[in-house]
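Dropping upload_35.json in here (JSON, C-alpha atoms and all ligand atoms):
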[["chain", "number", "residue", "atom", "x", "y", "z"],
["A", 31, "MET", "CA", 10.47, -28.62, 6.07],
["A", 32, "LEU", "CA", 8.68, -28.51, 9.41],
["A", 33, "GLU", "CA", 11.85, -29.58, 11.18],
["A", 34, "ASN", "CA", 13.70, -26.72, 9.52],
["A", 35, "ARG", "CA", 11.10, -24.23, 10.69],
["A", 36, "LYS", "CA", 11.53, -25.41, 14.26],
["A", 37, "ASN", "CA", 15.01, -23.94, 14.06],
["A", 38, "SER", "CA", 13.91, -20.77, 12.28],
["A", 39, "PRO", "CA", 14.02, -17.48, 14.17],
["A", 40, "VAL", "CA", 10.99, -16.51, 16.23],
["A", 41, "ARG", "CA", 9.20, -13.63, 14.46],
["A", 42, "LEU", "CA", 6.21, -13.05, 16.73],
["A", 43, "LYS", "CA", 6.16, -13.65, 20.46],
["A", 44, "VAL", "CA", 3.17, -13.12, 22.74],
["A", 45, "SER", "CA", 4.01, -13.31, 26.46],
["A", 46, "HIS", "CA", 1.68, -13.30, 29.45],
["A", 47, "LEU", "CA", -0.90, -11.31, 27.53],
["A", 48, "ASP", "CA", -4.02, -10.17, 29.39],
["A", 49, "LYS", "CA", -6.95, -8.20, 28.11],
["A", 50, "VAL", "CA", -9.75, -6.81, 30.24],
["A", 51, "PHE", "CA", -12.61, -4.86, 28.64],
["A", 52, "GLY", "CA", -14.34, -2.30, 30.84],
["A", 53, "GLU", "CA", -13.87, -1.71, 34.55],
["A", 54, "GLY", "CA", -15.20, -2.65, 37.97],
["A", 55, "GLY", "CA", -18.33, -4.82, 38.10],
["A", 56, "LYS", "CA", -18.72, -4.62, 34.33],
["A", 57, "ALA", "CA", -15.18, -5.79, 33.53],
["A", 58, "VAL", "CA", -14.89, -8.66, 31.04],
["A", 59, "VAL", "CA", -11.65, -10.64, 31.16],
["A", 60, "ALA", "CA", -11.24, -11.62, 27.52],
["A", 61, "LEU", "CA", -7.66, -12.98, 27.60],
["A", 62, "GLN", "CA", -5.64, -14.32, 30.51],
["A", 63, "ASP", "CA", -1.97, -15.15, 30.31],
["A", 64, "VAL", "CA", -1.81, -15.97, 26.61],
["A", 65, "ASN", "CA", 1.60, -17.24, 25.46],
["A", 66, "LEU", "CA", 2.52, -18.21, 21.92],
["A", 67, "GLU", "CA", 5.20, -17.79, 19.32],
["A", 68, "ILE", "CA", 5.50, -18.02, 15.56],
["A", 69, "ARG", "CA", 8.68, -18.74, 13.68],
["A", 70, "GLN", "CA", 9.77, -17.54, 10.27],
["A", 71, "SER", "CA", 7.61, -19.06, 7.49],
["A", 72, "GLU", "CA", 5.38, -20.96, 9.89],
["A", 73, "PHE", "CA", 1.66, -21.27, 9.24],
["A", 74, "VAL", "CA", 0.12, -21.18, 12.71],
["A", 75, "MET", "CA", -3.57, -21.66, 13.42],
["A", 76, "ILE", "CA", -5.63, -20.69, 16.45],
["A", 77, "VAL", "CA", -8.90, -22.47, 17.15],
["A", 78, "GLY", "CA", -11.13, -21.97, 20.14],
["A", 79, "PRO", "CA", -14.73, -21.69, 21.27],
["A", 80, "SER", "CA", -16.78, -18.70, 20.18],
["A", 81, "GLY", "CA", -16.15, -15.71, 22.42],
["A", 82, "CYS", "CA", -12.83, -17.03, 23.80],
["A", 83, "GLY", "CA", -10.97, -13.93, 22.63],
["A", 84, "LYS", "CA", -9.51, -14.94, 19.25],
["A", 85, "THR", "CA", -10.44, -11.73, 17.47],
["A", 86, "THR", "CA", -9.33, -9.71, 20.48],
["A", 87, "LEU", "CA", -5.95, -11.46, 20.38],
["A", 88, "ILE", "CA", -5.36, -10.93, 16.67],
["A", 89, "ASN", "CA", -6.50, -7.30, 16.94],
["A", 90, "ILE", "CA", -3.97, -6.74, 19.71],
["A", 91, "ILE", "CA", -1.23, -8.34, 17.60],
["A", 92, "GLY", "CA", -2.33, -6.18, 14.65],
["A", 93, "GLY", "CA", -2.17, -3.10, 16.87],
["A", 94, "LEU", "CA", -5.88, -2.32, 16.47],
["A", 95, "GLU", "CA", -6.59, -2.96, 20.15],
["A", 96, "GLN", "CA", -4.64, -2.16, 23.33],
["A", 97, "HIS", "CA", -3.75, -4.96, 25.70],
["A", 98, "THR", "CA", -4.03, -4.68, 29.48],
["A", 99, "SER", "CA", -0.74, -6.35, 30.41],
["A", 100, "GLY", "CA", 1.92, -8.63, 28.98],
["A", 101, "GLU", "CA", 3.90, -8.15, 25.81],
["A", 102, "VAL", "CA", 3.75, -8.64, 22.04],
["A", 103, "LEU", "CA", 7.10, -8.66, 20.24],
["A", 104, "LEU", "CA", 7.68, -8.70, 16.50],
["A", 105, "ASP", "CA", 11.31, -9.49, 15.72],
["A", 106, "GLY", "CA", 12.17, -8.72, 19.33],
["A", 107, "LYS", "CA", 10.59, -5.26, 19.25],
["A", 108, "VAL", "CA", 7.50, -4.27, 21.20],
["A", 109, "ILE", "CA", 4.68, -3.52, 18.78],
["A", 110, "ASN", "CA", 3.30, -0.06, 19.02],
["A", 111, "GLY", "CA", 0.00, 0.42, 17.19],
["A", 112, "ALA", "CA", -0.77, -0.81, 13.70],
["A", 113, "GLY", "CA", 2.01, -1.08, 11.13],
["A", 114, "ALA", "CA", 2.74, -2.18, 7.57],
["A", 115, "ASP", "CA", 4.87, -5.02, 9.00],
["A", 116, "ARG", "CA", 1.61, -6.80, 9.90],
["A", 117, "GLY", "CA", -0.94, -7.35, 7.13],
["A", 118, "MET", "CA", -4.49, -8.14, 8.21],
["A", 119, "VAL", "CA", -7.24, -9.99, 6.33],
["A", 120, "PHE", "CA", -10.68, -10.06, 7.93],
["A", 121, "GLN", "CA", -13.88, -11.98, 7.37],
["A", 122, "GLY", "CA", -15.52, -8.97, 5.69],
["A", 123, "TYR", "CA", -13.91, -8.11, 2.38],
["A", 124, "SER", "CA", -12.70, -4.63, 3.31],
["A", 125, "LEU", "CA", -12.14, -3.44, -0.26],
["A", 126, "PHE", "CA", -12.80, 0.13, -1.26],
["A", 127, "PRO", "CA", -16.02, -0.19, -3.30],
["A", 128, "TRP", "CA", -15.20, 2.78, -5.53],
["A", 129, "LEU", "CA", -11.78, 1.46, -6.60],
["A", 130, "THR", "CA", -11.05, -1.24, -9.17],
["A", 131, "VAL", "CA", -9.29, -4.45, -8.16],
["A", 132, "LEU", "CA", -5.98, -3.05, -9.46],
["A", 133, "LYS", "CA", -6.39, 0.26, -7.58],
["A", 134, "ASN", "CA", -7.42, -1.58, -4.42],
["A", 135, "VAL", "CA", -4.32, -3.78, -4.57],
["A", 136, "GLU", "CA", -2.12, -0.77, -5.35],
["A", 137, "PHE", "CA", -3.56, 1.26, -2.49],
["A", 138, "GLY", "CA", -1.10, 0.37, 0.28],
["A", 139, "LEU", "CA", 1.84, 0.80, -2.10],
["A", 140, "LYS", "CA", 0.56, 4.24, -3.07],
["A", 141, "MET", "CA", 0.36, 5.18, 0.62],
["A", 142, "LYS", "CA", 3.99, 4.11, 0.97],
["A", 143, "GLY", "CA", 4.90, 6.50, -1.86],
["A", 144, "ILE", "CA", 5.92, 3.82, -4.37],
["A", 145, "PRO", "CA", 5.85, 5.30, -7.90],
["A", 146, "GLY", "CA", 3.01, 4.38, -10.31],
["A", 147, "PRO", "CA", 4.73, 1.93, -12.69],
["A", 148, "ASP", "CA", 6.43, 0.03, -9.83],
["A", 149, "ARG", "CA", 3.28, -0.30, -7.79],
["A", 150, "GLU", "CA", 1.29, -1.43, -10.80],
["A", 151, "MET", "CA", 3.87, -4.13, -11.51],
["A", 152, "THR", "CA", 3.76, -5.38, -7.90],
["A", 153, "ALA", "CA", -0.05, -5.23, -7.81],
["A", 154, "ARG", "CA", -0.34, -7.22, -11.03],
["A", 155, "LYS", "CA", 2.05, -9.84, -9.65],
["A", 156, "TYR", "CA", -0.17, -10.46, -6.60],
["A", 157, "ILE", "CA", -3.38, -10.31, -8.65],
["A", 158, "ARG", "CA", -1.90, -13.12, -10.75],
["A", 159, "LEU", "CA", -0.90, -15.03, -7.62],
["A", 160, "VAL", "CA", -4.49, -15.08, -6.33],
["A", 161, "GLY", "CA", -5.88, -16.01, -9.77],
["A", 162, "LEU", "CA", -7.66, -12.73, -10.53],
["A", 163, "GLU", "CA", -5.91, -11.98, -13.79],
["A", 164, "GLY", "CA", -8.42, -10.43, -16.20],
["A", 165, "PHE", "CA", -10.36, -8.74, -13.37],
["A", 166, "GLU", "CA", -7.92, -5.87, -12.77],
["A", 167, "ASN", "CA", -10.45, -3.28, -13.89],
["A", 168, "ALA", "CA", -13.50, -4.79, -12.20],
["A", 169, "LEU", "CA", -15.14, -3.04, -9.25],
["A", 170, "PRO", "CA", -15.73, -5.06, -6.04],
["A", 171, "LYS", "CA", -19.50, -5.16, -6.65],
["A", 172, "GLN", "CA", -18.82, -7.06, -9.90],
["A", 173, "LEU", "CA", -16.99, -9.86, -8.03],
["A", 174, "SER", "CA", -18.25, -12.96, -6.20],
["A", 175, "GLY", "CA", -17.50, -13.38, -2.48],
["A", 176, "GLY", "CA", -14.54, -15.65, -3.18],
["A", 177, "MET", "CA", -13.14, -13.21, -5.73],
["A", 178, "LYS", "CA", -13.49, -10.29, -3.32],
["A", 179, "GLN", "CA", -11.56, -12.22, -0.73],
["A", 180, "ARG", "CA", -8.88, -13.04, -3.32],
["A", 181, "ALA", "CA", -8.58, -9.31, -4.04],
["A", 182, "ALA", "CA", -8.37, -8.54, -0.31],
["A", 183, "ILE", "CA", -5.59, -11.13, 0.09],
["A", 184, "ALA", "CA", -3.72, -9.71, -2.93],
["A", 185, "ARG", "CA", -4.01, -6.23, -1.46],
["A", 186, "THR", "CA", -2.54, -7.36, 1.85],
["A", 187, "LEU", "CA", 0.23, -9.44, 0.24],
["A", 188, "ALA", "CA", 1.20, -6.56, -2.08],
["A", 189, "ASN", "CA", 2.43, -4.67, 0.98],
["A", 190, "GLU", "CA", 4.78, -7.60, 1.63],
["A", 191, "PRO", "CA", 4.14, -7.68, 5.37],
["A", 192, "GLU", "CA", 6.45, -9.54, 7.76],
["A", 193, "ILE", "CA", 3.49, -11.51, 9.00],
["A", 194, "LEU", "CA", 0.00, -12.10, 7.68],
["A", 195, "LEU", "CA", -2.78, -11.99, 10.30],
["A", 196, "MET", "CA", -6.03, -13.62, 9.19],
["A", 197, "ASP", "CA", -9.25, -13.65, 11.25],
["A", 198, "GLU", "CA", -11.73, -16.17, 9.82],
["A", 199, "PRO", "CA", -11.02, -14.87, 6.31],
["A", 200, "PHE", "CA", -13.13, -17.55, 4.63],
["A", 201, "GLY", "CA", -15.93, -17.58, 7.22],
["A", 202, "ALA", "CA", -18.45, -15.92, 4.92],
["A", 203, "LEU", "CA", -17.84, -18.21, 1.94],
["A", 204, "ASP", "CA", -19.83, -21.29, 0.95],
["A", 205, "ALA", "CA", -18.21, -24.67, 1.68],
["A", 206, "GLN", "CA", -17.03, -25.27, -1.89],
["A", 207, "THR", "CA", -15.47, -21.82, -2.39],
["A", 208, "ARG", "CA", -13.90, -22.13, 1.04],
["A", 209, "VAL", "CA", -11.97, -25.27, 0.04],
["A", 210, "VAL", "CA", -10.83, -23.57, -3.18],
["A", 211, "MET", "CA", -9.59, -20.60, -1.13],
["A", 212, "GLN", "CA", -7.85, -22.87, 1.37],
["A", 213, "GLU", "CA", -5.98, -24.59, -1.46],
["A", 214, "LEU", "CA", -5.13, -21.18, -2.91],
["A", 215, "LEU", "CA", -3.70, -20.02, 0.41],
["A", 216, "ALA", "CA", -1.68, -23.24, 0.81],
["A", 217, "ASP", "CA", -0.32, -22.60, -2.69],
["A", 218, "ILE", "CA", 0.48, -18.92, -1.99],
["A", 219, "ARG", "CA", 2.28, -20.00, 1.11],
["A", 220, "ARG", "CA", 4.41, -22.51, -0.84],
["A", 221, "LYS", "CA", 5.29, -19.81, -3.37],
["A", 222, "THR", "CA", 5.97, -16.92, -0.98],
["A", 223, "ASP", "CA", 7.04, -18.56, 2.31],
["A", 224, "THR", "CA", 4.96, -15.97, 4.17],
["A", 225, "THR", "CA", 4.65, -16.24, 7.96],
["A", 226, "ILE", "CA", 0.95, -16.60, 8.77],
["A", 227, "LEU", "CA", -1.22, -16.48, 11.89],
["A", 228, "PHE", "CA", -4.72, -17.66, 11.02],
["A", 229, "ILE", "CA", -7.78, -17.81, 13.25],
["A", 230, "THR", "CA", -10.69, -20.12, 12.58],
["A", 231, "HIS", "CA", -13.70, -21.88, 14.07],
["A", 232, "ASP", "CA", -13.32, -24.60, 11.49],
["A", 233, "ILE", "CA", -11.28, -27.58, 12.68],
["A", 234, "ASP", "CA", -10.89, -28.97, 9.13],
["A", 235, "GLU", "CA", -9.48, -25.63, 8.03],
["A", 236, "ALA", "CA", -7.04, -25.57, 10.96],
["A", 237, "VAL", "CA", -5.70, -29.07, 10.27],
["A", 238, "LEU", "CA", -5.63, -28.59, 6.49],
["A", 239, "LEU", "CA", -3.58, -25.40, 6.59],
["A", 240, "GLY", "CA", -1.58, -25.35, 9.81],
["A", 241, "ASP", "CA", 1.95, -26.43, 10.63],
["A", 242, "ARG", "CA", 0.93, -25.99, 14.24],
["A", 243, "ILE", "CA", -2.38, -25.38, 15.97],
["A", 244, "TYR", "CA", -2.95, -23.54, 19.24],
["A", 245, "VAL", "CA", -6.21, -24.57, 20.88],
["A", 246, "MET", "CA", -7.65, -21.92, 23.18],
["A", 247, "SER", "CA", -9.76, -22.45, 26.27],
["A", 248, "ARG", "CA", -13.12, -20.75, 26.62],
["A", 249, "ARG", "CA", -13.19, -17.21, 28.03],
["A", 250, "PRO", "CA", -11.06, -15.94, 29.67],
["A", 251, "GLY", "CA", -9.07, -17.21, 26.72],
["A", 252, "SER", "CA", -5.67, -18.79, 27.18],
["A", 253, "VAL", "CA", -3.74, -21.42, 25.27],
["A", 254, "ARG", "CA", -4.85, -24.84, 26.49],
["A", 255, "ASP", "CA", -2.90, -27.00, 24.02],
["A", 256, "MET", "CA", -0.55, -26.90, 21.07],
["A", 257, "LEU", "CA", -0.44, -29.55, 18.35],
["A", 258, "ASP", "CA", 1.99, -30.13, 15.50],
["A", 259, "VAL", "CA", 0.39, -31.10, 12.19],
["A", 260, "ASN", "CA", 2.39, -33.58, 10.16],
["A", 261, "LEU", "CA", 0.52, -34.74, 7.07],
["A", 262, "PRO", "CA", 2.07, -36.69, 4.22],
["A", 263, "GLY", "CA", 2.10, -35.07, 0.78],
["A", 264, "GLU", "CA", 0.90, -31.72, -0.45],
["A", 265, "ARG", "CA", -2.00, -30.12, 1.42],
["A", 266, "ASN", "CA", -5.18, -30.13, -0.64],
["A", 267, "HIS", "CA", -8.77, -31.39, -0.43],
["A", 268, "ASN", "CA", -7.50, -34.99, -0.52],
["A", 269, "SER", "CA", -5.76, -34.39, 2.82],
["A", 270, "LEU", "CA", -9.19, -34.10, 4.49],
["A", 271, "VAL", "CA", -9.65, -37.89, 4.57],
["A", 272, "LEU", "CA", -6.14, -39.02, 5.53],
["A", 273, "PRO", "CA", -5.96, -41.07, 8.75],
["A", 274, "GLU", "CA", -3.35, -38.61, 10.10],
["A", 275, "PHE", "CA", -5.75, -35.75, 9.39],
["A", 276, "LEU", "CA", -8.68, -37.44, 11.11],
["A", 277, "GLU", "CA", -6.57, -38.30, 14.15],
["A", 278, "ILE", "CA", -5.60, -34.65, 14.76],
["A", 279, "LYS", "CA", -9.14, -33.51, 14.01],
["A", 280, "LYS", "CA", -10.48, -35.89, 16.65],
["A", 281, "GLN", "CA", -8.00, -34.66, 19.25],
["A", 282, "ILE", "CA", -9.11, -31.06, 18.69],
["A", 283, "MET", "CA", -12.80, -31.97, 18.66],
["A", 284, "ASP", "CA", -12.33, -33.71, 22.02],
["A", 285, "MET", "CA", -10.58, -30.65, 23.46],
["A", 286, "LEU", "CA", -13.28, -28.24, 22.27],
["A", 287, "TRP", "CA", -16.03, -30.61, 23.39],
["A", 288, "GLN", "CA", -14.45, -30.69, 26.83],
["A", 289, "GLU", "CA", -14.34, -26.88, 26.91],
["A", 290, "SER", "CA", -18.04, -26.57, 26.12],
["A", 291, "ASN", "CA", -19.00, -29.44, 28.41],
["A", 292, "ASP", "CA", -17.09, -27.88, 31.31],
["A", 293, "ALA", "CA", -18.85, -24.58, 30.57],
["A", 294, "ALA", "CA", -22.26, -26.28, 30.54],
["A", 295, "MET", "CA", -21.46, -28.01, 33.86],
["A", 296, "GLY", "CA", -20.28, -24.72, 35.35],
["A", 297, "ARG", "CA", -16.72, -26.02, 35.85],
["B", 301, "LIG", "N1", -14.93, -3.85, 22.46],
["B", 301, "LIG", "C1", -15.34, -4.70, 23.39],
["B", 301, "LIG", "N2", -15.89, -4.28, 24.56],
["B", 301, "LIG", "C2", -16.29, -5.15, 25.50],
["B", 301, "LIG", "N3", -16.18, -6.47, 25.39],
["B", 301, "LIG", "C3", -15.67, -6.96, 24.27],
["B", 301, "LIG", "C4", -15.21, -6.12, 23.20],
["B", 301, "LIG", "N4", -14.73, -6.91, 22.19],
["B", 301, "LIG", "C5", -14.88, -8.18, 22.62],
["B", 301, "LIG", "N5", -15.42, -8.21, 23.85],
["B", 301, "LIG", "C6", -15.69, -9.43, 24.66],
["B", 301, "LIG", "O1", -14.49, -10.18, 24.72],
["B", 301, "LIG", "C7", -14.77, -11.57, 24.57],
["B", 301, "LIG", "C8", -13.97, -12.13, 23.41],
["B", 301, "LIG", "O2", -14.48, -11.62, 22.17],
["B", 301, "LIG", "P1", -13.82, -11.97, 20.76],
["B", 301, "LIG", "O3", -14.58, -11.28, 19.72],
["B", 301, "LIG", "O4", -12.37, -11.74, 20.84],
["B", 301, "LIG", "O5", -14.10, -13.55, 20.70],
["B", 301, "LIG", "P2", -13.84, -14.57, 19.50],
["B", 301, "LIG", "O6", -13.10, -15.72, 20.08],
["B", 301, "LIG", "O7", -13.25, -13.88, 18.33],
["B", 301, "LIG", "O8", -15.33, -15.05, 19.15],
["B", 301, "LIG", "P3", -15.91, -15.59, 17.76],
["B", 301, "LIG", "O9", -15.37, -16.98, 17.62],
["B", 301, "LIG", "O10", -17.39, -15.61, 18.01],
["B", 301, "LIG", "O11", -15.49, -14.68, 16.68],
["B", 301, "LIG", "C9", -16.27, -11.68, 24.42],
["B", 301, "LIG", "O12", -16.82, -11.99, 25.68],
["B", 301, "LIG", "C10", -16.71, -10.32, 23.97],
["B", 301, "LIG", "O13", -18.00, -10.03, 24.41],
["B", 302, "MG", "MG", -13.87, -13.59, 16.33]]

Re-express the file's structure as structure tokens.
Ligand SMILES: Nc1ncnc2c1ncn2[C@@H]1O[C@H](COP(=O)(O)OP(=O)(O)OP(=O)(O)O)[C@@H](O)[C@H]1O
Ligand SMILES: [Mg+2]
Amino acid sequence: MLENRKNSPVRLKVSHLDKVFGEGGKAVVALQDVNLEIRQSEFVMIVGPSGCGKTTLINIIGGLEQHTSGEVLLDGKVINGAGADRGMVFQGYSLFPWLTVLKNVEFGLKMKGIPGPDREMTARKYIRLVGLEGFENALPKQLSGGMKQRAAIARTLANEPEILLMDEPFGALDAQTRVVMQELLADIRRKTDTTILFITHDIDEAVLLGDRIYVMSRRPGSVRDMLDVNLPGERNHNSLVLPEFLEIKKQIMDMLWQESNDAAMGR
């Protein structure tokens, strides 16, 4: 499967991307010469030290932030602002509190002008996919954190984006719910073949979900390494103790340790 993806077309390409916040003496170089690419149906993870520019990078890809120089191409075209071709899921739940789960999931489809019965059918399909059947008429305040994030994922998937951009989507969940959500996402991915770029602090999460992992350096952020993840069998909580899993985890821990040690030593 992974081998096949290596021959799949490149969907997203980030080339020589720089981002500087502010000007003059107060300028902060957040990203410096970031290069990466994601192929059709790949699940690509980015890990890196806090403050290395991960959110900045995904916001630029999502069109929520302007870059300073370099290029972001989706299917060979320069991205220009936000667009329905890129679906974003954030750490916060970002649901409309006054709308039911069904209306939240339908929202993007309504904006696109899709007629009522069609959008309800699509919304119900994705609500089922994330395991929220029976909660269509609930309001966000009636849901647990994990359920809110399921609804947010359904809402993004319902728009059928070309690529799903996720910035620490499970960061606010407790450890147990997080594993359940990771398995859910692995399952959604198997069923939909969605192309996903996923940012996390959590090395276990990166190795559990990713086909490939980009490890970023500390700020100014750039890509310091790229690892392929080849694990036997289906990805689920049992994968967390496989020798292959622990080997990749150790490699990444060493890289991130080196980044923070170099920072502490002023290198
Ligand atoms: N709007 C902004 N104005 C000025 N500086 C900013 C802005 N947004 C981010 N930065 C700076 O850019 C750098 C990268 O921030 P960013 O939020 O992208 O990091 P991150 O890798 O997502 O961190 P974390 O892992 O803590 O979420 C930081 O030094 C931050 O202070
Ligand atoms: Mg961040």

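Those residues positioned at most 9 Å from (-7.0, -33.0, 13.2) are Ile233, Asp234, Ala236, Val237, Leu238, Val259, Glu274, Phe275, Leu276, Glu277, Ile278, Lys279, Lys280, Gln281, Ile282 and Met283 of chain A, judged using only C-alpha atoms.
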
6 Å per side around ligand LIG 301 (chain B): axis-aligned box centre and edge lengths, as AutoDock Vina command-line options:
--center_x -15.2 --center_y -10.4 --center_z 21.2 --size_x 17.6 --size_y 25.1 --size_z 21.0

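Nearest residue to Gly138 (chain A) among A:Ile109, A:Ala188, A:Leu104, A:Ala181 is A:Ala188, counting only C-alpha atoms.
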
**Prompt:** Which residues, written as number ranges by chain, have at least one atom at most 10 Å from Val160 (chain A), with only C-alpha atoms counted and residues fewer than 2 positions away on the same chain left out?
**Reply:** A: 155-158, 162-163, 177, 179-184, 187, 211, 214-215, 217-218

Print the selection's residues with C-alpha atoms to a file, as a PDB file, in the coordinates of the input.
ATOM      1  CA  LYS A 155       2.050  -9.840  -9.650  1.00  0.00           C
ATOM      2  CA  TYR A 156      -0.170 -10.460  -6.600  1.00  0.00           C
ATOM      3  CA  ILE A 157      -3.380 -10.310  -8.650  1.00  0.00           C
ATOM      4  CA  ARG A 158      -1.900 -13.120 -10.750  1.00  0.00           C
ATOM      5  CA  LEU A 162      -7.660 -12.730 -10.530  1.00  0.00           C
ATOM      6  CA  GLU A 163      -5.910 -11.980 -13.790  1.00  0.00           C
ATOM      7  CA  MET A 177     -13.140 -13.210  -5.730  1.00  0.00           C
ATOM      8  CA  GLN A 179     -11.560 -12.220  -0.730  1.00  0.00           C
ATOM      9  CA  ARG A 180      -8.880 -13.040  -3.320  1.00  0.00           C
ATOM     10  CA  ALA A 181      -8.580  -9.310  -4.040  1.00  0.00           C
ATOM     11  CA  ALA A 182      -8.370  -8.540  -0.310  1.00  0.00           C
ATOM     12  CA  ILE A 183      -5.590 -11.130   0.090  1.00  0.00           C
ATOM     13  CA  ALA A 184      -3.720  -9.710  -2.930  1.00  0.00           C
ATOM     14  CA  LEU A 187       0.230  -9.440   0.240  1.00  0.00           C
ATOM     15  CA  MET A 211      -9.590 -20.600  -1.130  1.00  0.00           C
ATOM     16  CA  LEU A 214      -5.130 -21.180  -2.910  1.00  0.00           C
ATOM     17  CA  LEU A 215      -3.700 -20.020   0.410  1.00  0.00           C
ATOM     18  CA  ASP A 217      -0.320 -22.600  -2.690  1.00  0.00           C
ATOM     19  CA  ILE A 218       0.480 -18.920  -1.990  1.00  0.00           C
TER      20      ILE A 218
END

**Asked** Quick one: residues within 7 Å of ligand LIG 301 (chain B), with only C-alpha atoms and all ligand atoms, as a PyMOL selection string?
**Response** chain A and resi 51-52+58+60+78-87+231+249

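Between ligand MG 302 (chain B) and the residues A:Ile243, A:Leu203, A:Ile229, A:Ala114, the shortest atom-to-atom distance, using only C-alpha atoms and all ligand atoms, involves A:Ile229.
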
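One distance worth recording is that between CA of Leu286 (chain A) and CA of Ser247 (chain A), which is 7.9 Å.
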
**Fill in**
ligand MG 302 (chain B) proximity check over A:Val59, A:Ile88, A:Val44, A:Met118, using only C-alpha atoms and all ligand atoms: winner is A:Ile88

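CA of Asp48 (chain A) sits 5.1 Å away from CA of Ser99 (chain A).
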
**Item:** Between CA of Gly111 (chain A) and CA of Leu129 (chain A), distance in Å (one decimal)
**Value:** 26.6 Å

**Shortest interatomic distance to ligand MG 302 (chain B) - which of A:Ile76, A:Val40, A:Met256, A:Val245, counting all atoms listed in the file** = A:Ile76

Do you know which residues are at most 8 Å from Leu132 (chain A) counting only C-alpha atoms, after dropping those on the same chain fewer than 6 positions away, and could you put them as a short mmCIF file (atom, residue, chain, number, x, y, z; two decimals) with C-alpha atoms, in the frame of the given file?
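Output file around_30.cif is given in full below:
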data_model
loop_
_atom_site.label_atom_id
_atom_site.label_comp_id
_atom_site.auth_asym_id
_atom_site.auth_seq_id
_atom_site.Cartn_x
_atom_site.Cartn_y
_atom_site.Cartn_z
CA GLU A 150 1.29 -1.43 -10.80
CA ALA A 153 -0.05 -5.23 -7.81
CA ARG A 154 -0.34 -7.22 -11.03
CA ILE A 157 -3.38 -10.31 -8.65
CA GLU A 166 -7.92 -5.87 -12.77
CA ASN A 167 -10.45 -3.28 -13.89
#

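Comparing A:Thr230, A:Leu47, A:Thr222, A:Pro145 by their smallest distance to ligand MG 302 (chain B), the closest is A:Thr230 (using all atoms listed in the file).
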